file work_38.pdb (PDB, C-alpha atoms)
ATOM      1  CA  MET A   1      35.832-116.963 173.945
ATOM      2  CA  VAL A   2      37.028-120.452 173.119
ATOM      3  CA  TYR A   3      34.732-123.303 172.193
ATOM      4  CA  ARG A   4      35.957-126.765 173.082
ATOM      5  CA  ARG A   5      34.845-129.559 170.788
ATOM      6  CA  GLN A   6      34.454-132.820 172.635
ATOM      7  CA  GLN A   7      35.688-136.037 171.102
ATOM      8  CA  LEU A   8      32.882-138.448 171.969
ATOM      9  CA  ALA A   9      32.402-142.123 171.153
ATOM     10  CA  PRO A  10      29.986-144.866 172.205
ATOM     11  CA  ALA A  11      31.197-146.383 175.485
ATOM     12  CA  SER A  12      30.947-149.953 174.189
ATOM     13  CA  ARG A  13      33.383-149.217 171.362
ATOM     14  CA  LEU A  14      36.252-148.049 173.589
ATOM     15  CA  ASP A  15      38.537-149.919 175.958
ATOM     16  CA  GLU A  16      37.763-149.110 179.584
ATOM     17  CA  ALA A  17      41.131-147.358 179.951
ATOM     18  CA  ARG A  18      40.179-144.862 177.219
ATOM     19  CA  ARG A  19      36.701-144.021 178.551
ATOM     20  CA  GLY A  20      36.335-140.568 180.053
ATOM     21  CA  ARG A  21      33.289-138.879 181.512
ATOM     22  CA  VAL A  22      29.881-139.215 179.875
ATOM     23  CA  GLY A  23      29.272-136.354 177.450
ATOM     24  CA  GLY A  24      26.190-137.422 175.508
ATOM     25  CA  ARG A  25      23.902-140.205 174.341
ATOM     26  CA  PHE A  26      24.613-142.376 171.283
ATOM     27  CA  CYS A  27      21.658-143.717 169.271
ATOM     28  CA  LYS A  28      22.583-147.185 167.977
ATOM     29  CA  VAL A  29      20.109-146.893 165.081
ATOM     30  CA  CYS A  30      20.961-143.528 163.475
ATOM     31  CA  CYS A  31      24.507-143.280 164.968
ATOM     32  CA  GLY A  32      23.878-139.744 166.198
ATOM     33  CA  ILE A  33      25.239-138.359 169.463
ATOM     34  CA  TYR A  34      22.749-136.262 171.407
ATOM     35  CA  SER A  35      23.346-133.808 174.234
ATOM     36  CA  LEU A  36      22.892-134.900 177.834
ATOM     37  CA  HIS A  37      20.395-132.034 178.100
ATOM     38  CA  SER A  38      18.152-133.682 175.489
ATOM     39  CA  ALA A  39      15.505-135.774 177.191
ATOM     40  CA  VAL A  40      13.965-136.835 173.870
ATOM     41  CA  HIS A  41      15.495-138.133 170.624
ATOM     42  CA  ALA A  42      14.593-135.104 168.502
ATOM     43  CA  GLY A  43      16.432-136.056 165.319
ATOM     44  CA  LYS A  44      18.934-133.191 165.659
ATOM     45  CA  PRO A  45      22.190-134.674 166.989
ATOM     46  CA  MET A  46      25.248-132.735 168.176
ATOM     47  CA  TYR A  47      27.372-135.085 166.064
ATOM     48  CA  GLY A  48      26.171-137.341 163.302
ATOM     49  CA  ARG A  49      25.488-137.538 159.623
ATOM     50  CA  ASP A  50      24.947-134.323 157.660
ATOM     51  CA  HIS A  51      22.160-135.768 155.507
ATOM     52  CA  VAL A  52      19.757-138.396 156.782
ATOM     53  CA  PRO A  53      17.370-139.638 154.066
ATOM     54  CA  SER A  54      14.709-140.836 156.531
ATOM     55  CA  PRO A  55      13.986-140.231 160.211
ATOM     56  CA  CYS A  56      15.274-142.592 162.885
ATOM     57  CA  SER A  57      12.749-145.138 164.110
ATOM     58  CA  HIS A  58      13.368-143.916 167.688
ATOM     59  CA  GLU A  59      12.793-140.237 166.963
ATOM     60  CA  GLY A  60      10.426-138.786 169.556
ATOM     61  CA  LYS A  61      11.246-141.409 172.204
ATOM     62  CA  ARG A  62      12.679-140.499 175.602
ATOM     63  CA  PHE A  63      16.243-141.454 176.535
ATOM     64  CA  ALA A  64      15.071-143.662 179.420
ATOM     65  CA  GLU A  65      17.541-145.713 181.466
ATOM     66  CA  GLY A  66      17.602-149.386 180.515
ATOM     67  CA  GLU A  67      16.538-148.934 176.883
ATOM     68  CA  ASP A  68      18.622-150.993 174.452
ATOM     69  CA  TRP A  69      18.538-148.589 171.491
ATOM     70  CA  TRP A  70      20.948-146.038 172.989
ATOM     71  CA  GLU A  71      24.057-145.993 175.171
ATOM     72  CA  PRO A  72      26.233-143.348 176.839
ATOM     73  CA  ALA A  73      28.727-141.485 174.672
ATOM     74  CA  VAL A  74      31.966-140.848 176.567
ATOM     75  CA  GLU A  75      34.978-138.604 176.088
ATOM     76  CA  ILE A  76      37.975-140.333 174.537
ATOM     77  CA  GLU A  77      40.997-140.341 176.833
ATOM     78  CA  PRO A  78      44.480-140.323 175.259
ATOM     79  CA  SER A  79      46.168-143.687 175.015
ATOM     80  CA  GLU A  80      49.193-144.427 177.166
ATOM     81  CA  ALA A  81      51.208-145.383 174.071
ATOM     82  CA  GLY A  82      50.875-142.047 172.372
TER      83      GLY A  82
END
call {"tool": "encode", "arguments": {"input": "work_38.pdb", "output": "structure tokens"}}
result
Amino acid sequence: MVYRRQQLAPASRLDEARRGRVGGRFCKVCCGIYSLHSAVHAGKPMYGRDHVPSPCSHEGKRFAEGEDWWEPAVEIEPSEAG
């Protein structure tokens, strides 16, 4: 069995040409990337910091559309130059 590790980044930080499909949710406060299957910010990101000294202020909140504290995390497409 092979596990594929996604390379995800916040959509706003990539050029449109490098944005792939949505693979998670990026919390702008704690900088963690959460699974699309997570309906609630549980404080346990797929990708993020190893040690967080205090909980995120949005922990326990739902990832509702239109909220300004999170944004989609997308797969990074290879650049045309390299």
call {"tool": "closest_residue", "arguments": {"input": "work_38.pdb", "among": "A:His58, A:His41, A:Arg49, A:Lys28", "to": "Ala11 of chain A", "atoms": "all atoms listed in the file"}}
result
A:Lys28
call {"tool": "resolve_selection", "arguments": {"input": "work_38.pdb", "expression": "the PyMOL selection byres ((chain A and resi 37) around 10)", "output": "NGL selection string"}}
result
:A and (23-25 or 34-36 or 38-40)
call {"tool": "atom_distance", "arguments": {"input": "work_38.pdb", "atom1": "atom CA of Ala17 of chain A", "atom2": "atom CA of Glu80 of chain A"}}
result
9.0 Å
call {"tool": "residues_around", "arguments": {"input": "work_38.pdb", "residues": "Ala9 of chain A", "least_positions_apart": "5", "cutoff": "9 Å", "atoms": "all atoms listed in the file", "output": "list in words"}}
result
Leu14, Arg19, Gly24, Phe26, Ile33, Pro72, Ala73, Val74, Glu75 and Ile76 of chain A
call {"tool": "closest_residue", "arguments": {"input": "work_38.pdb", "among": "A:Gln7, A:Glu67, A:Arg18, A:Ser12", "to": "Ser79 of chain A", "atoms": "all atoms listed in the file"}}
result
A:Arg18
call {"tool": "axis_aligned_box", "arguments": {"input": "work_38.pdb", "around": "segment 22-40 of chain A", "padding_each_side": "3 Å", "output": "lines of an AutoDock Vina configuration file"}}
result
center_x = 21.9
center_y = -139.6
center_z = 171.7
size_x = 21.9
size_y = 21.2
size_z = 22.4
call {"tool": "atom_distance", "arguments": {"input": "work_38.pdb", "atom1": "atom CA of Glu77 of chain A", "atom2": "atom CA of Gly43 of chain A"}}
result
27.5 Å
call {"tool": "closest_residue", "arguments": {"input": "work_38.pdb", "among": "A:Pro10, A:Arg21, A:Cys30, A:Trp70", "to": "Ser54 of chain A", "atoms": "all atoms listed in the file"}}
result
A:Cys30
call {"tool": "atom_distance", "arguments": {"input": "work_38.pdb", "atom1": "atom CA of Arg13 of chain A", "atom2": "atom CA of Phe63 of chain A"}}
result
19.5 Å
call {"tool": "residues_around", "arguments": {"input": "work_38.pdb", "residues": "Gly32 of chain A", "least_positions_apart": "6", "cutoff": "7 Å", "atoms": "all atoms listed in the file", "output": "ChimeraX atom specification"}}
result
/A:26,45,47-48
call {"tool": "closest_residue", "arguments": {"input": "work_38.pdb", "among": "A:Met46, A:Lys61, A:Asp15, A:Pro78", "to": "Cys31 of chain A", "atoms": "all atoms listed in the file"}}
result
A:Met46
call {"tool": "residues_near_point", "arguments": {"input": "work_38.pdb", "point": "(17.5, -153.0, 169.0)", "cutoff": "8 Å", "atoms": "all atoms listed in the file", "output": "MDAnalysis selection string"}}
result
chainID A and resid 28:29 68:69
call {"tool": "build_atoms", "arguments": {"input": "work_38.pdb", "residues": "segment 51-68 of chain A", "atoms": "N, CA and C atoms", "output": "compact mmCIF listing (two decimals), in the frame of the given file"}}
result
# COMPACT_ATOMS: atom_id res chain seq x y z
N HIS A 51 23.42 -135.56 156.23
CA HIS A 51 22.16 -135.77 155.51
C HIS A 51 21.60 -137.13 155.88
N VAL A 52 20.42 -137.14 156.42
CA VAL A 52 19.76 -138.40 156.78
C VAL A 52 18.52 -138.52 155.90
N PRO A 53 18.47 -139.54 155.02
CA PRO A 53 17.37 -139.64 154.07
C PRO A 53 16.01 -139.93 154.69
N SER A 54 15.98 -140.55 155.87
CA SER A 54 14.71 -140.84 156.53
C SER A 54 14.90 -140.70 158.04
N PRO A 55 13.84 -140.40 158.76
CA PRO A 55 13.99 -140.23 160.21
C PRO A 55 14.31 -141.55 160.91
N CYS A 56 14.94 -141.43 162.06
CA CYS A 56 15.27 -142.59 162.88
C CYS A 56 13.98 -143.19 163.44
N SER A 57 13.95 -144.48 163.58
CA SER A 57 12.75 -145.14 164.11
C SER A 57 12.51 -144.82 165.59
N HIS A 58 13.51 -144.27 166.27
CA HIS A 58 13.37 -143.92 167.69
C HIS A 58 13.15 -142.42 167.91
N GLU A 59 13.02 -141.67 166.83
CA GLU A 59 12.79 -140.24 166.96
C GLU A 59 11.50 -139.98 167.73
N GLY A 60 11.57 -139.10 168.72
CA GLY A 60 10.43 -138.79 169.56
C GLY A 60 10.37 -139.58 170.85
N LYS A 61 11.22 -140.61 170.98
CA LYS A 61 11.25 -141.41 172.20
C LYS A 61 12.16 -140.76 173.23
N ARG A 62 11.87 -141.02 174.50
CA ARG A 62 12.68 -140.50 175.60
C ARG A 62 13.92 -141.36 175.79
N PHE A 63 15.02 -140.73 176.20
CA PHE A 63 16.24 -141.45 176.54
C PHE A 63 16.08 -142.00 177.96
N ALA A 64 15.33 -143.07 178.11
CA ALA A 64 15.07 -143.66 179.42
C ALA A 64 16.15 -144.69 179.74
N GLU A 65 16.54 -144.74 181.02
CA GLU A 65 17.54 -145.71 181.47
C GLU A 65 17.04 -147.12 181.19
N GLY A 66 17.95 -147.99 180.75
CA GLY A 66 17.60 -149.39 180.52
C GLY A 66 17.14 -149.70 179.10
N GLU A 67 16.92 -148.68 178.28
CA GLU A 67 16.54 -148.93 176.88
C GLU A 67 17.74 -149.48 176.13
N ASP A 68 17.51 -150.37 175.17
CA ASP A 68 18.62 -150.99 174.45
C ASP A 68 18.98 -150.31 173.14
